[in-house]
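Novice: Structure provided below as structure tokens; questions to follow.
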Amino acid sequence: MIKLYKIGAFALLLNVCATIQAQNNTVLNDDDKAKVAAMAAAKIAQGDTIWKFRGLLGLNGTQTYFSNWAAGGQNNVAVTLLGVFGADYAKGRNTWGTTLDLAYGQLSQGNRSPIKTDDRIDLTSKYGYQLKNPKWFATLLFNFRSQFAPGYIIEEGREIGPKISDFLAPAYSIFSLGLDFRPNDNFSLLMSPLTTKITIVNDDRLATDFGLDAGDNVRFELGAFVKASYQRDIFENVNLLTRIDLFSNYLENPQNIDVNWETLIAMKVNNWLSVTIATQLLYDDDIVIGFVDPLIGENGEIITPGITGGPRTQFKEVLSLGLNWKLL
């Protein structure tokens with residue numbers, strides 16, 4: 001009886017194995033097997049380190065040429081090179097995302113020297129630790145913003161006067177500790193009651209234009225910081241991204257809030273071609289806008305009067321048609 005029981009059990013086991021093998025060979029195609037393998041790998045990797053990398057290069061440009069054109073016009077070429085690179089990490093309750101946003105553009109009109117149309121360096125890195133409520137994260141954020149090249153006042157299509165900005169003049173760094181509310185993949189709200197903002201102006205002549213005392217190159221501020229971002233596809237192949245940063249200095253004029261609000265609408269035509277509309281609104285009461293020294297002639301006469309500067313609301317809008325290369 002025992003031998004028969006063992007033989008029967010062994011035969012049953014062989015039958016089950018043969019049935020499973022037959023099903024795998026006849027029912028599961030290559031795609032199904034890949035899905036099963038991916039699901040198994042995901043289960044095994046749960047709680048393990050996950051890295052995701054992304055990279056995108058873009059070239060936007062316009063060109064206009066006139067020859068014997070009765071309506072008039074001026075030849076011009078405008079080119080903007082941009083890049084967006086990122087890395088995202090997740091392990092257990094830990095998340096870490098880093099994004100580098102770069103852009104530089106120039107415009108050439110007729111025989112005039114090229115002038116700058118875009119200039120941006122923006123690095124953001126955010127670490128989060130998920131709390132018991134899965135929608136809340138204890139978060140540490142770092143942000144750095146500056147530009148590549150000198151900036152000038154533009155008058156009648158020409159750069160005039162001394163430079164009004166440059167690389168590291170200014171540059172802004174933010175170190176922020178707070179709570180990040182992420183109810184879904186589209187929305188994030190970071191609230192930080194403890195934030196340090198560092199303003200760097202690596203040019204003594206420009207220091208006072210960006211809220212620093214004469215002779216200083218660095219200014220420290222302690223305050224509260226709020227960062228909200230929202231991103232989603234609003235139509236097929238049309239993506240909306242809008243984000244706003246608000247900062248209030250506890251130690252000086254806390255009622256004057258620094259604002260940085262950016263919006264990007266990206267429309268994908270195909271894998272290579274895209275149309276984007278980008279806007280940026282800035283306000284910082286420490287930044288002096290519009291100040292120009294008077295122009296004095298050889299005999300001491302005033303050729304052009306100076307312009308009194310002050311805080312202004314800054315706004316930029318860019319409509320671009322360009323080629324994109326997805327690197328990762």
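Each chain of the structure tokens is named A, B, ... in the order shown, its residues numbered from 1; ligands are numbered from 1 in display order.
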Report as a PDB file with N, CA and C atoms, in the first residue's frame all protein, DNA and RNA residues lying within 10 Å of A:Phe142, evaluated on only C-alpha atoms, omitting residues in the same chain fewer than 2 positions from it.

Specialist:
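Writing the result to out_15.pdb gives the following:
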ATOM      1  N   THR A  98      16.303  64.511  -8.573  1.00  0.00           N
ATOM      2  CA  THR A  98      17.168  65.621  -8.957  1.00  0.00           C
ATOM      3  C   THR A  98      16.897  65.989 -10.412  1.00  0.00           C
ATOM      4  N   LEU A 123      19.009  74.005 -10.889  1.00  0.00           N
ATOM      5  CA  LEU A 123      19.236  72.669 -10.332  1.00  0.00           C
ATOM      6  C   LEU A 123      18.384  72.500  -9.081  1.00  0.00           C
ATOM      7  N   THR A 124      17.585  71.437  -9.045  1.00  0.00           N
ATOM      8  CA  THR A 124      16.745  71.141  -7.875  1.00  0.00           C
ATOM      9  C   THR A 124      16.948  69.694  -7.460  1.00  0.00           C
ATOM     10  N   SER A 125      17.179  69.480  -6.169  1.00  0.00           N
ATOM     11  CA  SER A 125      17.315  68.134  -5.630  1.00  0.00           C
ATOM     12  C   SER A 125      16.458  68.031  -4.373  1.00  0.00           C
ATOM     13  N   LYS A 126      15.596  66.994  -4.319  1.00  0.00           N
ATOM     14  CA  LYS A 126      14.648  66.869  -3.207  1.00  0.00           C
ATOM     15  C   LYS A 126      14.652  65.441  -2.663  1.00  0.00           C
ATOM     16  N   TYR A 127      14.925  65.336  -1.352  1.00  0.00           N
ATOM     17  CA  TYR A 127      14.872  64.050  -0.660  1.00  0.00           C
ATOM     18  C   TYR A 127      13.618  63.996   0.206  1.00  0.00           C
ATOM     19  N   LEU A 140      13.702  67.329   2.494  1.00  0.00           N
ATOM     20  CA  LEU A 140      14.825  68.263   2.454  1.00  0.00           C
ATOM     21  C   LEU A 140      15.042  68.642   0.996  1.00  0.00           C
ATOM     22  N   PHE A 144      19.343  75.610  -6.773  1.00  0.00           N
ATOM     23  CA  PHE A 144      20.368  76.575  -7.195  1.00  0.00           C
ATOM     24  C   PHE A 144      19.957  77.153  -8.537  1.00  0.00           C
ATOM     25  N   SER A 173      20.638  80.184  -3.860  1.00  0.00           N
ATOM     26  CA  SER A 173      20.599  78.835  -3.318  1.00  0.00           C
ATOM     27  C   SER A 173      19.563  78.780  -2.203  1.00  0.00           C
ATOM     28  N   ILE A 174      18.764  77.735  -2.198  1.00  0.00           N
ATOM     29  CA  ILE A 174      17.752  77.534  -1.158  1.00  0.00           C
ATOM     30  C   ILE A 174      17.957  76.160  -0.516  1.00  0.00           C
ATOM     31  N   PHE A 175      18.042  76.134   0.810  1.00  0.00           N
ATOM     32  CA  PHE A 175      18.061  74.903   1.592  1.00  0.00           C
ATOM     33  C   PHE A 175      16.797  74.906   2.446  1.00  0.00           C
ATOM     34  N   SER A 176      15.960  73.889   2.265  1.00  0.00           N
ATOM     35  CA  SER A 176      14.637  73.920   2.889  1.00  0.00           C
ATOM     36  C   SER A 176      14.336  72.590   3.564  1.00  0.00           C
ATOM     37  N   LEU A 177      13.767  72.651   4.784  1.00  0.00           N
ATOM     38  CA  LEU A 177      13.350  71.476   5.535  1.00  0.00           C
ATOM     39  C   LEU A 177      11.872  71.625   5.881  1.00  0.00           C
ATOM     40  N   THR A 195      13.812  77.639   6.254  1.00  0.00           N
ATOM     41  CA  THR A 195      14.478  77.718   4.951  1.00  0.00           C
ATOM     42  C   THR A 195      15.567  78.783   4.985  1.00  0.00           C
ATOM     43  N   THR A 196      16.695  78.444   4.420  1.00  0.00           N
ATOM     44  CA  THR A 196      17.790  79.403   4.251  1.00  0.00           C
ATOM     45  C   THR A 196      17.922  79.748   2.778  1.00  0.00           C
ATOM     46  N   LYS A 197      17.882  81.037   2.482  1.00  0.00           N
ATOM     47  CA  LYS A 197      18.088  81.520   1.119  1.00  0.00           C
ATOM     48  C   LYS A 197      19.411  82.282   1.071  1.00  0.00           C
TER      49      LYS A 197
END

Novice: Tell me which protein, DNA and RNA residues are within 9 Å of A:Leu273, counting only C-alpha atoms, leaving out same-chain ones fewer than 3 positions away, and put them as a ChimeraX atom specification.

Specialist: /A:267-270,321-324

Novice: Residues of stretch 210-251 of chain A classed as strand (DSSP E or B) by DSSP on the backbone are to be reported as a ChimeraX atom specification.

Specialist: /A:218-235,238-249

Novice: Would you please work out which residue, of A:Leu179, A:Gly223, A:Val288, A:Thr313, is nearest to A:Asn253 when using only C-alpha atoms?

Specialist: A:Gly223

Novice: So what do you get for atom CA of A:Leu141 versus atom CA of A:Ile234, distance-wise?

Specialist: 28.0 Å

Novice: Write out as a list of chain:residue names which residues come within 8 Å of A:Gly105 when counting only C-alpha atoms, dropping same-chain ones fewer than 5 positions away.

Specialist: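 Listed by chain and then number, they are A:Ala78, A:Val79, A:Thr80, A:Leu81, A:Lys116, A:Thr117, A:Asp118, A:Asp119.
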
Novice: Which residues are near A:Val259? Cut-off 9 Å, only C-alpha atoms, ignore same chain within fewer than 5 positions. Put them as a list of chain:residue names.

Specialist: A:Ile244, A:Asp245, A:Leu246, A:Phe247, A:Leu281, A:Leu282, A:Tyr283, A:Asp284

Novice: Of the candidates A:Ser67, A:Gln74, A:Thr263, A:Asn299, which shows the shortest atom-to-atom distance to A:Leu319, using only C-alpha atoms?

Specialist: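 The closest residue to A:Leu319 is A:Thr263.
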
Novice: Between atom CA of A:Lys326 and atom CA of A:Leu56, what is the distance in Å, rounded to a tenth?

Specialist: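 Pair atom CA of A:Lys326 / atom CA of A:Leu56 returns 4.6 Å.
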
Novice: Find the residue from A:Ile164, A:Leu222, A:Leu194, A:Ile153 that sits nearest to A:Glu252; use only C-alpha atoms when measuring.

Specialist: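 When distances to A:Glu252 are compared using only C-alpha atoms, the smallest one comes from A:Leu222.
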
Novice: What are the nearest atom pairs, with distances in Å to one decimal, for all residues of stretch 146-176 of chain A that come at most 12 Å from stretch 200-214 of chain A, using only C-alpha atoms, set out by chain and rising residue number as JSON lines?

Specialist:
{"residue": "A:Ser146", "atom": "CA", "partner": "A:Ile200", "partner_atom": "CA", "distance": 9.4}
{"residue": "A:Gln147", "atom": "CA", "partner": "A:Val201", "partner_atom": "CA", "distance": 11.8}
{"residue": "A:Pro150", "atom": "CA", "partner": "A:Asp203", "partner_atom": "CA", "distance": 11.3}
{"residue": "A:Gly151", "atom": "CA", "partner": "A:Leu206", "partner_atom": "CA", "distance": 11.7}
{"residue": "A:Pro162", "atom": "CA", "partner": "A:Arg205", "partner_atom": "CA", "distance": 10.1}
{"residue": "A:Lys163", "atom": "CA", "partner": "A:Leu206", "partner_atom": "CA", "distance": 8.8}
{"residue": "A:Ile164", "atom": "CA", "partner": "A:Leu206", "partner_atom": "CA", "distance": 7.0}
{"residue": "A:Ser165", "atom": "CA", "partner": "A:Leu206", "partner_atom": "CA", "distance": 7.3}
{"residue": "A:Asp166", "atom": "CA", "partner": "A:Asp203", "partner_atom": "CA", "distance": 8.4}
{"residue": "A:Phe167", "atom": "CA", "partner": "A:Asn202", "partner_atom": "CA", "distance": 8.0}
{"residue": "A:Leu168", "atom": "CA", "partner": "A:Asn202", "partner_atom": "CA", "distance": 5.6}
{"residue": "A:Ala169", "atom": "CA", "partner": "A:Val201", "partner_atom": "CA", "distance": 4.1}
{"residue": "A:Pro170", "atom": "CA", "partner": "A:Val201", "partner_atom": "CA", "distance": 4.6}
{"residue": "A:Ala171", "atom": "CA", "partner": "A:Ile200", "partner_atom": "CA", "distance": 5.0}
{"residue": "A:Tyr172", "atom": "CA", "partner": "A:Ile200", "partner_atom": "CA", "distance": 6.3}
{"residue": "A:Ser173", "atom": "CA", "partner": "A:Ile200", "partner_atom": "CA", "distance": 8.2}
{"residue": "A:Ile174", "atom": "CA", "partner": "A:Ile200", "partner_atom": "CA", "distance": 11.4}

Novice: Could you turn the residues from that selection into a file that holds N, CA and C atoms, as a PDB file, in the first residue's frame?

Specialist:
ATOM      1  N   SER A 146      21.091  80.263 -11.511  1.00  0.00           N
ATOM      2  CA  SER A 146      21.972  81.318 -11.997  1.00  0.00           C
ATOM      3  C   SER A 146      21.860  81.382 -13.513  1.00  0.00           C
ATOM      4  N   GLN A 147      22.897  81.921 -14.181  1.00  0.00           N
ATOM      5  CA  GLN A 147      22.891  82.078 -15.627  1.00  0.00           C
ATOM      6  C   GLN A 147      24.291  81.853 -16.161  1.00  0.00           C
ATOM      7  N   PRO A 150      26.888  87.187 -19.390  1.00  0.00           N
ATOM      8  CA  PRO A 150      26.466  88.530 -18.961  1.00  0.00           C
ATOM      9  C   PRO A 150      25.149  88.955 -19.610  1.00  0.00           C
ATOM     10  N   GLY A 151      24.383  89.761 -18.876  1.00  0.00           N
ATOM     11  CA  GLY A 151      23.142  90.321 -19.393  1.00  0.00           C
ATOM     12  C   GLY A 151      23.231  91.835 -19.451  1.00  0.00           C
ATOM     13  N   PRO A 162      26.778  99.150 -19.209  1.00  0.00           N
ATOM     14  CA  PRO A 162      27.510  98.051 -18.554  1.00  0.00           C
ATOM     15  C   PRO A 162      26.577  96.878 -18.278  1.00  0.00           C
ATOM     16  N   LYS A 163      27.161  95.738 -18.025  1.00  0.00           N
ATOM     17  CA  LYS A 163      26.350  94.545 -17.774  1.00  0.00           C
ATOM     18  C   LYS A 163      25.538  94.709 -16.498  1.00  0.00           C
ATOM     19  N   ILE A 164      24.346  94.129 -16.491  1.00  0.00           N
ATOM     20  CA  ILE A 164      23.457  94.205 -15.333  1.00  0.00           C
ATOM     21  C   ILE A 164      23.351  92.863 -14.610  1.00  0.00           C
ATOM     22  N   SER A 165      23.969  91.812 -15.162  1.00  0.00           N
ATOM     23  CA  SER A 165      23.986  90.499 -14.512  1.00  0.00           C
ATOM     24  C   SER A 165      25.076  89.672 -15.173  1.00  0.00           C
ATOM     25  N   ASP A 166      25.410  88.528 -14.551  1.00  0.00           N
ATOM     26  CA  ASP A 166      26.467  87.672 -15.083  1.00  0.00           C
ATOM     27  C   ASP A 166      26.379  86.319 -14.389  1.00  0.00           C
ATOM     28  N   PHE A 167      27.262  85.400 -14.760  1.00  0.00           N
ATOM     29  CA  PHE A 167      27.340  84.120 -14.081  1.00  0.00           C
ATOM     30  C   PHE A 167      27.697  84.340 -12.603  1.00  0.00           C
ATOM     31  N   LEU A 168      26.903  83.749 -11.711  1.00  0.00           N
ATOM     32  CA  LEU A 168      27.036  83.940 -10.262  1.00  0.00           C
ATOM     33  C   LEU A 168      26.836  85.396  -9.843  1.00  0.00           C
ATOM     34  N   ALA A 169      26.149  86.163 -10.688  1.00  0.00           N
ATOM     35  CA  ALA A 169      25.851  87.551 -10.336  1.00  0.00           C
ATOM     36  C   ALA A 169      24.506  87.946 -10.969  1.00  0.00           C
ATOM     37  N   PRO A 170      23.380  87.492 -10.421  1.00  0.00           N
ATOM     38  CA  PRO A 170      23.329  86.790  -9.134  1.00  0.00           C
ATOM     39  C   PRO A 170      23.249  85.275  -9.304  1.00  0.00           C
ATOM     40  N   ALA A 171      23.318  84.591  -8.154  1.00  0.00           N
ATOM     41  CA  ALA A 171      22.984  83.178  -8.034  1.00  0.00           C
ATOM     42  C   ALA A 171      22.213  83.007  -6.730  1.00  0.00           C
ATOM     43  N   TYR A 172      21.255  82.100  -6.732  1.00  0.00           N
ATOM     44  CA  TYR A 172      20.402  81.895  -5.557  1.00  0.00           C
ATOM     45  C   TYR A 172      20.457  80.426  -5.151  1.00  0.00           C
ATOM     46  N   SER A 173      20.638  80.184  -3.860  1.00  0.00           N
ATOM     47  CA  SER A 173      20.599  78.835  -3.318  1.00  0.00           C
ATOM     48  C   SER A 173      19.563  78.780  -2.203  1.00  0.00           C
ATOM     49  N   ILE A 174      18.764  77.735  -2.198  1.00  0.00           N
ATOM     50  CA  ILE A 174      17.752  77.534  -1.158  1.00  0.00           C
ATOM     51  C   ILE A 174      17.957  76.160  -0.516  1.00  0.00           C
TER      52      ILE A 174
END

Novice: Using only C-alpha atoms, which residue out of A:Ala90, A:Lys132, A:Asp101, A:Ile115 lies closest to A:Glu155?

Specialist: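 Checking each candidate against A:Glu155, we get A:Ile115 as the closest.
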
Novice: Would you pick out the contacts of A:Gln280 at 7 Å or less, using only C-alpha atoms, so that residues sharing its chain but fewer than 5 positions from it are not included, and give the list as a ChimeraX atom specification?

Specialist: /A:261-263,315-317

Novice: Okay, now the selection with N, CA and C atoms, as an mmCIF file, in the first residue's frame?

Specialist:
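So the final result, stored in selection_33.cif, reads:
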data_model
loop_
_atom_site.group_PDB
_atom_site.id
_atom_site.type_symbol
_atom_site.label_atom_id
_atom_site.label_comp_id
_atom_site.auth_asym_id
_atom_site.auth_seq_id
_atom_site.Cartn_x
_atom_site.Cartn_y
_atom_site.Cartn_z
ATOM 1 N N TRP A 261 7.132 82.002 -10.453
ATOM 2 C CA TRP A 261 6.031 81.187 -10.983
ATOM 3 C C TRP A 261 6.333 80.849 -12.436
ATOM 4 N N GLU A 262 6.431 79.546 -12.723
ATOM 5 C CA GLU A 262 6.748 79.086 -14.069
ATOM 6 C C GLU A 262 5.634 78.178 -14.585
ATOM 7 N N THR A 263 5.331 78.322 -15.860
ATOM 8 C CA THR A 263 4.334 77.482 -16.522
ATOM 9 C C THR A 263 4.878 77.039 -17.873
ATOM 10 N N PHE A 315 8.528 89.509 -16.091
ATOM 11 C CA PHE A 315 7.722 88.511 -16.813
ATOM 12 C C PHE A 315 8.408 88.151 -18.120
ATOM 13 N N LYS A 316 8.382 86.871 -18.445
ATOM 14 C CA LYS A 316 8.967 86.373 -19.691
ATOM 15 C C LYS A 316 8.035 85.345 -20.309
ATOM 16 N N GLU A 317 7.895 85.411 -21.650
ATOM 17 C CA GLU A 317 7.083 84.439 -22.390
ATOM 18 C C GLU A 317 7.851 84.005 -23.618
#
